[in-house]
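**Student:** My file is run.cif. It has mmCIF, C-alpha atoms and all ligand atoms:
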data_work
#
loop_
_atom_site.label_atom_id
_atom_site.label_comp_id
_atom_site.auth_asym_id
_atom_site.auth_seq_id
_atom_site.Cartn_x
_atom_site.Cartn_y
_atom_site.Cartn_z
CA MET A 13 122.94 -35.33 186.57
CA ASN A 14 124.24 -31.93 187.57
CA THR A 15 125.09 -30.79 184.08
CA ASP A 16 122.59 -29.00 181.84
CA PRO A 17 120.07 -31.66 180.74
CA PHE A 18 120.13 -30.46 177.12
CA GLU A 19 123.92 -30.66 177.05
CA ALA A 20 123.65 -34.20 178.47
CA ALA A 21 121.18 -35.06 175.70
CA ARG A 22 123.55 -33.65 173.07
CA THR A 23 126.39 -35.79 174.46
CA ALA A 24 124.21 -38.90 174.28
CA ALA A 25 123.01 -38.03 170.77
CA ASP A 26 126.60 -37.59 169.58
CA TYR A 27 127.49 -40.96 171.09
CA ILE A 28 124.53 -42.59 169.29
CA ALA A 29 125.44 -40.97 165.95
CA ASN A 30 129.02 -42.23 166.32
CA GLU A 31 128.14 -45.76 167.33
CA THR A 32 125.25 -46.28 164.89
CA GLY A 33 126.85 -44.46 161.97
CA VAL A 34 123.55 -42.61 161.50
CA ASP A 35 124.06 -38.84 161.66
CA SER A 36 120.42 -37.97 162.08
CA HIS A 37 117.37 -39.99 163.05
CA ASP A 38 113.80 -39.09 162.05
CA ILE A 39 111.45 -40.85 164.47
CA ALA A 40 111.92 -42.00 168.03
CA LEU A 41 109.97 -44.71 169.78
CA VAL A 42 109.83 -45.62 173.42
CA LEU A 43 108.66 -49.20 173.69
CA GLY A 44 106.90 -49.93 176.97
CA SER A 45 105.46 -53.12 178.45
CA GLY A 46 104.12 -55.36 175.72
CA TRP A 47 105.50 -53.32 172.81
CA GLY A 48 109.07 -54.68 172.64
CA GLU A 49 108.51 -56.76 169.51
CA ALA A 50 107.48 -53.74 167.45
CA ALA A 51 111.12 -52.88 166.80
CA ASN A 52 111.53 -56.03 164.70
CA LEU A 53 108.55 -55.22 162.50
CA ILE A 54 109.30 -51.57 161.87
CA GLY A 55 112.32 -52.34 159.72
CA ASP A 56 115.86 -53.65 159.80
CA THR A 57 117.93 -53.00 162.89
CA THR A 58 121.25 -51.58 161.72
CA ALA A 59 122.81 -51.06 165.17
CA THR A 60 122.04 -52.11 168.72
CA LEU A 61 123.50 -50.35 171.73
CA SER A 62 123.15 -51.38 175.33
CA ALA A 63 121.41 -48.58 177.22
CA SER A 64 124.00 -48.72 179.98
CA GLU A 65 126.77 -47.71 177.54
CA VAL A 66 125.02 -44.55 176.29
CA PRO A 67 125.75 -41.44 178.38
CA GLY A 68 122.95 -40.66 180.84
CA PHE A 69 120.99 -43.87 180.23
CA SER A 70 120.71 -46.77 182.63
CA ALA A 71 119.61 -50.40 182.39
CA PRO A 72 115.86 -50.93 182.86
CA ALA A 73 114.69 -51.66 186.39
CA VAL A 74 111.73 -53.78 185.34
CA GLU A 75 111.38 -57.28 183.95
CA GLY A 76 109.67 -57.17 180.57
CA HIS A 77 111.41 -53.97 179.51
CA VAL A 78 114.32 -54.31 177.10
CA GLY A 79 117.56 -52.49 177.81
CA THR A 80 118.65 -51.58 174.31
CA ILE A 81 118.76 -48.57 172.06
CA ARG A 82 118.45 -49.52 168.42
CA SER A 83 118.78 -47.77 165.13
CA VAL A 84 116.23 -49.12 162.67
CA LEU A 85 115.97 -48.46 158.94
CA THR A 86 112.25 -48.43 158.17
CA ARG A 87 110.57 -49.90 155.09
CA ASP A 88 110.40 -46.45 153.52
CA GLY A 89 113.96 -45.40 154.31
CA LYS A 90 113.38 -43.45 157.52
CA ARG A 91 115.72 -43.77 160.46
CA ALA A 92 114.02 -44.77 163.68
CA LEU A 93 115.65 -44.61 167.09
CA VAL A 94 114.07 -47.27 169.27
CA LEU A 95 114.47 -46.71 172.97
CA GLY A 96 113.83 -49.95 174.81
CA ALA A 97 115.04 -48.61 178.09
CA ARG A 98 112.67 -46.26 179.85
CA THR A 99 113.50 -44.69 183.18
CA HIS A 100 110.36 -44.49 185.30
CA TYR A 101 109.66 -41.70 187.72
CA TYR A 102 109.29 -44.21 190.57
CA GLU A 103 112.94 -45.20 190.22
CA GLY A 104 113.77 -42.02 192.08
CA LYS A 105 116.46 -40.86 189.64
CA GLY A 106 114.67 -37.58 189.05
CA VAL A 107 112.60 -36.21 186.19
CA ARG A 108 115.68 -35.26 184.18
CA SER A 109 116.56 -38.97 183.97
CA VAL A 110 112.96 -39.85 183.05
CA VAL A 111 113.01 -37.56 180.01
CA HIS A 112 116.67 -37.98 179.03
CA GLY A 113 115.71 -40.45 176.27
CA VAL A 114 113.21 -38.01 174.79
CA ARG A 115 115.68 -35.14 174.85
CA THR A 116 118.38 -37.36 173.39
CA ALA A 117 116.03 -38.35 170.57
CA ALA A 118 115.32 -34.67 169.87
CA ALA A 119 119.05 -33.92 169.86
CA ALA A 120 119.54 -36.89 167.50
CA GLY A 121 117.27 -35.15 165.00
CA CYS A 122 113.93 -36.88 165.67
CA ARG A 123 110.89 -34.75 164.89
CA THR A 124 108.33 -37.36 165.94
CA MET A 125 108.10 -39.05 169.32
CA VAL A 126 106.13 -42.26 169.61
CA LEU A 127 105.38 -43.18 173.22
CA THR A 128 103.97 -46.61 174.06
CA ASN A 129 103.09 -48.16 177.38
CA GLY A 130 101.27 -50.91 179.16
CA CYS A 131 98.57 -49.61 181.47
CA GLY A 132 95.43 -50.28 183.41
CA GLY A 133 92.07 -49.66 181.76
CA LEU A 134 89.05 -48.01 183.37
CA ASN A 135 86.60 -49.01 180.66
CA ASP A 136 85.49 -52.59 181.20
CA ASN A 137 84.85 -53.00 177.47
CA TRP A 138 88.61 -52.81 176.98
CA SER A 139 89.77 -56.32 177.71
CA PRO A 140 93.47 -56.99 178.40
CA GLY A 141 95.32 -56.83 175.09
CA THR A 142 93.37 -53.85 173.73
CA PRO A 143 95.49 -51.02 172.21
CA VAL A 144 94.10 -47.51 172.86
CA LEU A 145 95.22 -44.22 171.31
CA ILE A 146 96.11 -41.55 173.86
CA SER A 147 94.08 -38.40 173.16
CA ASP A 148 95.28 -36.41 176.18
CA HIS A 149 96.80 -36.93 179.59
CA ILE A 150 96.44 -35.99 183.24
CA ASN A 151 99.78 -35.67 184.99
CA LEU A 152 99.24 -36.87 188.56
CA THR A 153 102.91 -37.10 189.46
CA ALA A 154 103.09 -33.54 190.81
CA ALA A 155 106.34 -33.29 188.85
CA SER A 156 107.39 -31.68 185.58
CA PRO A 157 110.36 -32.06 183.25
CA LEU A 158 110.31 -28.30 182.72
CA GLU A 159 112.35 -26.15 185.03
CA GLY A 160 111.83 -22.49 185.77
CA ALA A 161 109.39 -20.25 183.92
CA THR A 162 109.05 -22.56 180.93
CA PHE A 163 105.46 -22.14 179.73
CA VAL A 164 104.56 -24.70 177.11
CA ASP A 165 101.13 -24.96 175.50
CA LEU A 166 99.77 -28.52 175.68
CA THR A 167 96.38 -27.92 174.01
CA ASP A 168 97.08 -30.37 171.20
CA LEU A 169 99.84 -32.41 172.84
CA TYR A 170 98.89 -35.77 171.30
CA SER A 171 98.89 -35.24 167.55
CA ALA A 172 95.39 -35.46 166.06
CA ARG A 173 97.09 -35.91 162.68
CA ILE A 174 98.89 -39.09 163.72
CA ARG A 175 95.85 -40.41 165.58
CA SER A 176 93.85 -40.16 162.40
CA LEU A 177 96.62 -41.95 160.47
CA ALA A 178 96.39 -44.69 163.12
CA ARG A 179 92.66 -44.98 162.57
CA GLU A 180 93.28 -45.38 158.84
CA VAL A 181 95.34 -48.45 159.74
CA ASP A 182 92.72 -49.74 162.19
CA PRO A 183 89.35 -47.94 162.21
CA SER A 184 88.32 -49.84 165.35
CA LEU A 185 90.97 -48.11 167.46
CA GLU A 186 89.46 -46.18 170.35
CA GLU A 187 91.10 -43.36 172.25
CA GLY A 188 91.29 -42.25 175.83
CA VAL A 189 92.83 -39.96 178.41
CA TYR A 190 95.90 -41.37 180.16
CA ALA A 191 96.55 -40.52 183.80
CA GLN A 192 100.14 -40.88 184.93
CA PHE A 193 100.46 -41.83 188.59
CA ALA A 194 103.86 -41.70 190.29
CA GLY A 195 103.72 -45.37 191.31
CA PRO A 196 105.34 -47.82 191.84
CA GLN A 197 102.35 -49.24 193.70
CA TYR A 198 99.26 -49.78 191.59
CA GLU A 199 96.26 -47.61 192.50
CA THR A 200 93.75 -48.40 195.17
CA PRO A 201 90.21 -48.90 193.88
CA ALA A 202 89.37 -45.46 195.35
CA GLU A 203 92.20 -43.86 193.38
CA VAL A 204 90.95 -45.58 190.24
CA GLN A 205 87.46 -44.10 190.86
CA TYR A 206 89.08 -40.70 191.41
CA ALA A 207 90.93 -41.00 188.11
CA LYS A 208 87.70 -41.97 186.38
CA ARG A 209 85.80 -39.00 187.80
CA ILE A 210 88.42 -36.50 186.71
CA GLY A 211 88.25 -37.83 183.17
CA ALA A 212 90.85 -40.58 182.84
CA ASP A 213 90.33 -43.75 180.83
CA LEU A 214 93.77 -45.27 181.35
CA VAL A 215 96.13 -45.36 184.34
CA GLY A 216 99.86 -45.91 184.21
CA MET A 217 103.25 -44.82 185.42
CA SER A 218 104.89 -43.28 182.37
CA THR A 219 104.33 -41.25 179.20
CA ALA A 220 102.91 -37.93 180.46
CA LEU A 221 106.24 -36.52 181.67
CA GLU A 222 107.92 -37.73 178.48
CA ALA A 223 105.21 -36.22 176.29
CA ILE A 224 105.66 -32.83 177.97
CA ALA A 225 109.42 -32.95 177.37
CA ALA A 226 108.87 -34.01 173.76
CA ARG A 227 106.51 -31.13 173.09
CA HIS A 228 108.92 -28.73 174.76
CA ALA A 229 111.60 -30.05 172.39
CA GLY A 230 109.28 -29.28 169.45
CA MET A 231 108.44 -32.85 168.52
CA GLU A 232 105.11 -34.17 167.25
CA VAL A 233 103.86 -36.64 169.85
CA PHE A 234 101.98 -39.88 169.33
CA GLY A 235 100.92 -42.02 172.28
CA ILE A 236 99.43 -45.49 172.31
CA SER A 237 98.66 -47.67 175.32
CA LEU A 238 98.19 -51.37 175.63
CA VAL A 239 95.57 -52.14 178.25
CA THR A 240 97.23 -55.06 179.98
CA ASN A 241 94.84 -55.20 182.92
CA LEU A 242 91.64 -53.66 184.15
CA ALA A 243 92.58 -51.11 186.82
CA ALA A 244 92.14 -52.04 190.47
CA GLY A 245 88.50 -52.46 191.45
CA ILE A 246 87.28 -52.34 187.83
CA SER A 247 87.87 -56.07 187.68
CA PRO A 248 87.14 -58.29 190.69
CA VAL A 249 90.60 -59.94 190.38
CA PRO A 250 93.68 -58.37 192.03
CA LEU A 251 96.52 -57.21 189.76
CA SER A 252 99.77 -59.08 189.35
CA HIS A 253 102.85 -58.05 187.39
CA HIS A 254 102.95 -61.60 186.02
CA GLU A 255 99.48 -61.23 184.48
CA VAL A 256 100.48 -57.86 183.08
CA LEU A 257 103.43 -59.50 181.31
CA GLU A 258 101.26 -62.36 180.03
CA ALA A 259 98.64 -60.02 178.56
CA GLY A 260 101.46 -58.12 176.90
CA GLN A 261 102.95 -61.25 175.40
CA ALA A 262 99.61 -62.49 174.13
CA ALA A 263 98.90 -59.20 172.34
CA ALA A 264 102.50 -58.48 171.32
CA LYS A 265 102.38 -59.68 167.70
CA ARG A 266 99.12 -57.95 166.86
CA ILE A 267 99.90 -54.59 168.43
CA SER A 268 103.48 -54.57 167.17
CA GLY A 269 102.20 -55.10 163.63
CA LEU A 270 99.69 -52.32 164.18
CA LEU A 271 102.41 -49.94 165.36
CA ALA A 272 104.68 -50.83 162.45
CA ASN A 273 101.84 -50.05 160.03
CA ILE A 274 101.23 -46.71 161.73
CA ILE A 275 104.96 -45.86 161.57
CA ALA A 276 104.94 -46.66 157.86
CA LYS A 277 102.37 -43.88 157.37
CA LEU A 278 104.31 -41.14 159.15
I1 LIG B 301 101.07 -52.60 182.79
O1 LIG B 301 96.80 -50.75 186.50
C1 LIG B 301 100.22 -51.40 184.11
N1 LIG B 301 100.83 -50.30 184.50
N2 LIG B 301 99.36 -47.10 187.51
N3 LIG B 301 98.06 -48.94 187.02
C2 LIG B 301 99.20 -48.23 186.86
N4 LIG B 301 100.18 -48.60 186.05
C3 LIG B 301 100.01 -49.73 185.37
C4 LIG B 301 98.87 -50.52 185.48
C5 LIG B 301 97.84 -50.10 186.35
N5 LIG B 301 99.02 -51.58 184.67
#
Show this structure as structure tokens.

**Tutor:**
Amino acid sequence: MNTDPFEAARTAADYIANETGVDSHDIALVLGSGWGEAANLIGDTTATLSASEVPGFSAPAVEGHVGTIRSVLTRDGKRALVLGARTHYYEGKGVRSVVHGVRTAAAAGCRTMVLTNGCGGLNDNWSPGTPVLISDHINLTAASPLEGATFVDLTDLYSARIRSLAREVDPSLEEGVYAQFAGPQYETPAEVQYAKRIGADLVGMSTALEAIAARHAGMEVFGISLVTNLAAGISPVPLSHHEVLEAGQAAAKRISGLLANIIAKL
């Protein structure tokens, strides 16, 4: 993308408004590994677009990620834009591509950005299938979606207001700090110990760069992770993408229902 990224987002948002017939959306969701079913529980899908048809988007590179962009009418009449196609930093398409969905959602009118992911857990009390609220992040990608002298305050990046709404839905929800690694390889056990010592509770390959872009765009950000595996070295068993998908599938119904109930409170 050589054009201005905000112009590119506007183009995509106009395309989405045209194709969905919805002039303005209220809430955007990025559904990561394990969260795909949430779209069905949030409300009625009124339009489904293939990500590859929307300007600036591309089909997902990973099995277990859905490649659609949906417009959903929620139970209480809100318009949700559900992004099932996330571009990961490790795909090498650049940070502008990684955050294009977030900027498109902002241009489409969304004031709230809900970011979900599947990740590794550093707390061995969090068995695979445990959802965890993101309270803060550590960006270990050495990249940023912001270009030039764009100083954005991230003190309260992950909305305390929405986290407390989430705990009204499920008081047992715990929260943690999410560290975004560049990937695509999973961490070594030493890197997992490093993450733990600098204050991380969760390790993954998404979300932080998107959250920064969302805050820059003026959106309220909510993040929730699904621990699909214990991070390398925390569990004695090596990681496999297959197991990650299985843990996601096993927890899918429960966490999707949880997310739908949180969305209903926004
Ligand atoms: I799912 O253990 C999933 N994504 N970096 N580490 C990192 N990303 C992940 C992991 C993990 N599990």

**Student:** Could you make a table, as JSON lines, of the residues of region 81-135 of chain A that have an atom within 12 Å of an atom of region 187-194 of chain A, each with its nearest atom pair and distance in Å to one decimal, counting all atoms listed in the file, in chain and number order?

**Tutor:**
{"residue": "A:His100", "atom": "CA", "partner": "A:Ala194", "partner_atom": "CA", "distance": 8.7}
{"residue": "A:Tyr101", "atom": "CA", "partner": "A:Ala194", "partner_atom": "CA", "distance": 6.3}
{"residue": "A:Tyr102", "atom": "CA", "partner": "A:Ala194", "partner_atom": "CA", "distance": 6.0}
{"residue": "A:Glu103", "atom": "CA", "partner": "A:Ala194", "partner_atom": "CA", "distance": 9.7}
{"residue": "A:Gly104", "atom": "CA", "partner": "A:Ala194", "partner_atom": "CA", "distance": 10.1}
{"residue": "A:Gly106", "atom": "CA", "partner": "A:Ala194", "partner_atom": "CA", "distance": 11.6}
{"residue": "A:Val107", "atom": "CA", "partner": "A:Ala194", "partner_atom": "CA", "distance": 11.1}
{"residue": "A:Val110", "atom": "CA", "partner": "A:Ala194", "partner_atom": "CA", "distance": 11.8}
{"residue": "A:Leu127", "atom": "CA", "partner": "A:Tyr190", "partner_atom": "CA", "distance": 11.9}
{"residue": "A:Thr128", "atom": "CA", "partner": "A:Tyr190", "partner_atom": "CA", "distance": 11.4}
{"residue": "A:Asn129", "atom": "CA", "partner": "A:Tyr190", "partner_atom": "CA", "distance": 10.3}
{"residue": "A:Gly130", "atom": "CA", "partner": "A:Tyr190", "partner_atom": "CA", "distance": 11.0}
{"residue": "A:Cys131", "atom": "CA", "partner": "A:Tyr190", "partner_atom": "CA", "distance": 8.8}
{"residue": "A:Gly132", "atom": "CA", "partner": "A:Tyr190", "partner_atom": "CA", "distance": 9.5}
{"residue": "A:Gly133", "atom": "CA", "partner": "A:Tyr190", "partner_atom": "CA", "distance": 9.3}
{"residue": "A:Leu134", "atom": "CA", "partner": "A:Gly188", "partner_atom": "CA", "distance": 9.7}
{"residue": "A:Asn135", "atom": "CA", "partner": "A:Gly188", "partner_atom": "CA", "distance": 9.5}

**Student:** Return the single residue from A:Arg87, A:Ser237, A:Glu203, A:Ala226 that is closest to Leu185 (chain A), with distances computed using all atoms listed in the file.

**Tutor:**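 Comparing A:Arg87, A:Ser237, A:Glu203, A:Ala226 against Leu185 (chain A), the winner is A:Ser237.
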
**Student:** Which residues are close to Leu242 (chain A), i.e. within 12 Å by all atoms listed in the file, leaving aside same-chain residues fewer than 5 positions away? Reply as a PDB file with C-alpha atoms, keeping the file's coordinate frame.

**Tutor:**
ATOM      1  CA  GLY A 130     101.270 -50.910 179.160  1.00  0.00           C
ATOM      2  CA  CYS A 131      98.570 -49.610 181.470  1.00  0.00           C
ATOM      3  CA  GLY A 132      95.430 -50.280 183.410  1.00  0.00           C
ATOM      4  CA  GLY A 133      92.070 -49.660 181.760  1.00  0.00           C
ATOM      5  CA  LEU A 134      89.050 -48.010 183.370  1.00  0.00           C
ATOM      6  CA  ASN A 135      86.600 -49.010 180.660  1.00  0.00           C
ATOM      7  CA  ASP A 136      85.490 -52.590 181.200  1.00  0.00           C
ATOM      8  CA  ASN A 137      84.850 -53.000 177.470  1.00  0.00           C
ATOM      9  CA  TRP A 138      88.610 -52.810 176.980  1.00  0.00           C
ATOM     10  CA  SER A 139      89.770 -56.320 177.710  1.00  0.00           C
ATOM     11  CA  PRO A 140      93.470 -56.990 178.400  1.00  0.00           C
ATOM     12  CA  GLY A 141      95.320 -56.830 175.090  1.00  0.00           C
ATOM     13  CA  THR A 142      93.370 -53.850 173.730  1.00  0.00           C
ATOM     14  CA  TYR A 198      99.260 -49.780 191.590  1.00  0.00           C
ATOM     15  CA  GLU A 199      96.260 -47.610 192.500  1.00  0.00           C
ATOM     16  CA  PRO A 201      90.210 -48.900 193.880  1.00  0.00           C
ATOM     17  CA  VAL A 204      90.950 -45.580 190.240  1.00  0.00           C
ATOM     18  CA  ASP A 213      90.330 -43.750 180.830  1.00  0.00           C
ATOM     19  CA  LEU A 214      93.770 -45.270 181.350  1.00  0.00           C
ATOM     20  CA  VAL A 215      96.130 -45.360 184.340  1.00  0.00           C
ATOM     21  CA  GLY A 216      99.860 -45.910 184.210  1.00  0.00           C
ATOM     22  CA  SER A 247      87.870 -56.070 187.680  1.00  0.00           C
ATOM     23  CA  PRO A 248      87.140 -58.290 190.690  1.00  0.00           C
ATOM     24  CA  VAL A 249      90.600 -59.940 190.380  1.00  0.00           C
ATOM     25  CA  PRO A 250      93.680 -58.370 192.030  1.00  0.00           C
ATOM     26  CA  LEU A 251      96.520 -57.210 189.760  1.00  0.00           C
ATOM     27  CA  SER A 252      99.770 -59.080 189.350  1.00  0.00           C
ATOM     28  CA  GLU A 255      99.480 -61.230 184.480  1.00  0.00           C
ATOM     29  CA  VAL A 256     100.480 -57.860 183.080  1.00  0.00           C
ATOM     30  CA  ALA A 259      98.640 -60.020 178.560  1.00  0.00           C
TER      31      ALA A 259
END

**Student:** Compare A:Ile274, A:Met231, A:Ala244, A:Leu166 by their minimum atom-to-atom distance to ligand LIG 301 (chain B), counting all atoms listed in the file, and give me the closest one.

**Tutor:**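 Of A:Ile274, A:Met231, A:Ala244, A:Leu166, the one nearest ligand LIG 301 (chain B) is A:Ala244, counting all atoms listed in the file.
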
**Student:** Pick out the closest residue to ligand LIG 301 (chain B) from this set: A:Leu93, A:Ala243, A:Ala263, A:Ala276. Count only C-alpha atoms and all ligand atoms.

**Tutor:**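 Between A:Leu93, A:Ala243, A:Ala263, A:Ala276, the residue approaching ligand LIG 301 (chain B) most closely is A:Ala243.
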
**Student:** Restricting the calculation to all atoms listed in the file, which member of A:Arg179, A:Lys277, A:His112, A:Lys105 is positioned closest to Leu145 (chain A)?

**Tutor:** A:Arg179

**Student:** With all atoms listed in the file as the counted atoms, please give the residues lying no more than 8 Å from Phe69 (chain A), apart from itself and same-chain residues fewer than 3 positions off, as JSON, numbers by chain.

**Tutor:** {"A": [63, 64, 65, 66, 97, 109, 112, 113]}

**Student:** Of the candidates A:Ala229, A:Leu221, A:Leu152, A:Val42, which shows the shortest atom-to-atom distance to ligand LIG 301 (chain B), using all atoms listed in the file?

**Tutor:**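 Checking each candidate against ligand LIG 301 (chain B), we get A:Leu152 as the closest.
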
**Student:** If I wrap all listed atoms of region 29-38 of chain A in a box with edges along x, y and z and add 5 Å on each side, what are its centre and edge lengths in Å to one decimal, as AutoDock Vina command-line options?

**Tutor:**
--center_x 121.4 --center_y -42.1 --center_z 164.4 --size_x 25.2 --size_y 18.3 --size_z 15.8

**Student:** Counting all atoms listed in the file, which of A:Glu232, A:Pro196, A:Thr219, A:Lys208 gets nearest to ligand LIG 301 (chain B)?

**Tutor:**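 Answer, going by the shortest atom-to-atom distance: A:Pro196.
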
**Student:** Which value, in Å to one decimal, gives the distance between CA of Ile174 (chain A) and CA of Ile39 (chain A)?

**Tutor:** 12.7 Å

**Student:** Near Trp47 (chain A), counting only C-alpha atoms, which residues have an atom at most 12 Å away, once you skip same-chain residues fewer than 3 positions from it, shown as a VMD selection string?

**Tutor:** chain A and resid 41 to 44 50 to 54 76 to 78 94 to 97 126 to 131 141 143 236 to 240 257 259 to 272

**Student:** Please indicate the distance in Å from CA of Arg91 (chain A) to CA of Glu49 (chain A), rounded to one decimal place.

**Tutor:**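 Between these atoms lies a distance of 17.4 Å.
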
**Student:** Hey, can you pull every residue with an atom no more than 7 Å from (123.2, -40.1, 181.8), using only C-alpha atoms, and send it as an NGL selection string?

**Tutor:** :A and (13 or 20 or 67-69)

**Student:** Dump C-alpha atoms for the selected residues as a PDB file, keeping the file's coordinate frame?

**Tutor:**
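Below is the file again-v6.pdb, written as the result:
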ATOM      1  CA  MET A  13     122.940 -35.330 186.570  1.00  0.00           C
ATOM      2  CA  ALA A  20     123.650 -34.200 178.470  1.00  0.00           C
ATOM      3  CA  PRO A  67     125.750 -41.440 178.380  1.00  0.00           C
ATOM      4  CA  GLY A  68     122.950 -40.660 180.840  1.00  0.00           C
ATOM      5  CA  PHE A  69     120.990 -43.870 180.230  1.00  0.00           C
TER       6      PHE A  69
END

**Student:** Using only C-alpha atoms, which protein or nucleic acid residues come within 7 Å of Thr57 (chain A)? Drop anything in the same chain fewer than 4 positions from it, and give the result as a list in words.

**Tutor:**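 So, after excluding close chain neighbours, the residues are Arg82, Ser83, Val84 and Leu85 of chain A.
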
**Student:** What does the structure give for the distance between CA of Lys90 (chain A) and CA of Asp38 (chain A), in Å to one decimal?

**Tutor:**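 Between CA of Lys90 (chain A) and CA of Asp38 (chain A) the gap works out to 6.3 Å.
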
**Student:** Excluding Val164 (chain A) and residues on its chain fewer than 6 positions from it, collect all residues at most 10 Å away from it, counting only C-alpha atoms, and give them as a PyMOL selection string.

**Tutor:** chain A and resi 158+224-225+227-228
